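Beneath this line is the structure, given in structure tokens, with notes to follow.
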Amino acid sequence: MTVRLAQLAGRVLRPVLRPALLPVQFALLLFTLRLGRLRAARARGDRGAISIELALAIIALVFVAGAVATALYLLKDKVVTKVEQDPNLPGGAGGASK
């Protein structure tokens, strides 16, 4: 159920947020790569490589969080401008204001 919901959400949101989510998709790919290398280092028993890969995975995760925050901020700006331009909405150009 969760996988199907995630796929549906991806199909709905992808066309809307595509330009803003490209950095997020890149960062998630980088994070997945780092986790794969971490698993390989753990299988080899290389403690030095494990700590390096963990540090790089955390840096990639912070990058993902920043990219998501930026995407949400850009989306907010788009919505605010659309609301200000639409006269039918309460906060719009011709709407009733209190």
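Residues in the structure tokens are numbered from 1 in each chain, the chains being A, B, ... in the order shown, and ligands are numbered from 1 in the order shown.
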Problem set entry | Within 12 Å of Leu56 of chain A using only C-alpha atoms, minus same-chain residues under 3 positions, as an NGL selection string | :A and (27 or 30-38 or 49-53 or 59-63)
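Counting from atom CA of Gln7 of chain A, the distance to atom CA of Leu29 of chain A is 17.1 Å.
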Problem set entry | All alpha helix (DSSP H) residues (DSSP, backbone) inside segment 43-96 of chain A, as a ChimeraX atom specification | /A:43-44,47-85
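Between atom CA of Ala40 of chain A and atom CA of Ala57 of chain A there is a distance of 13.6 Å.
Reported to one decimal place, the separation of atom CA of Val68 of chain A from atom CA of Thr2 of chain A is 20.8 Å.
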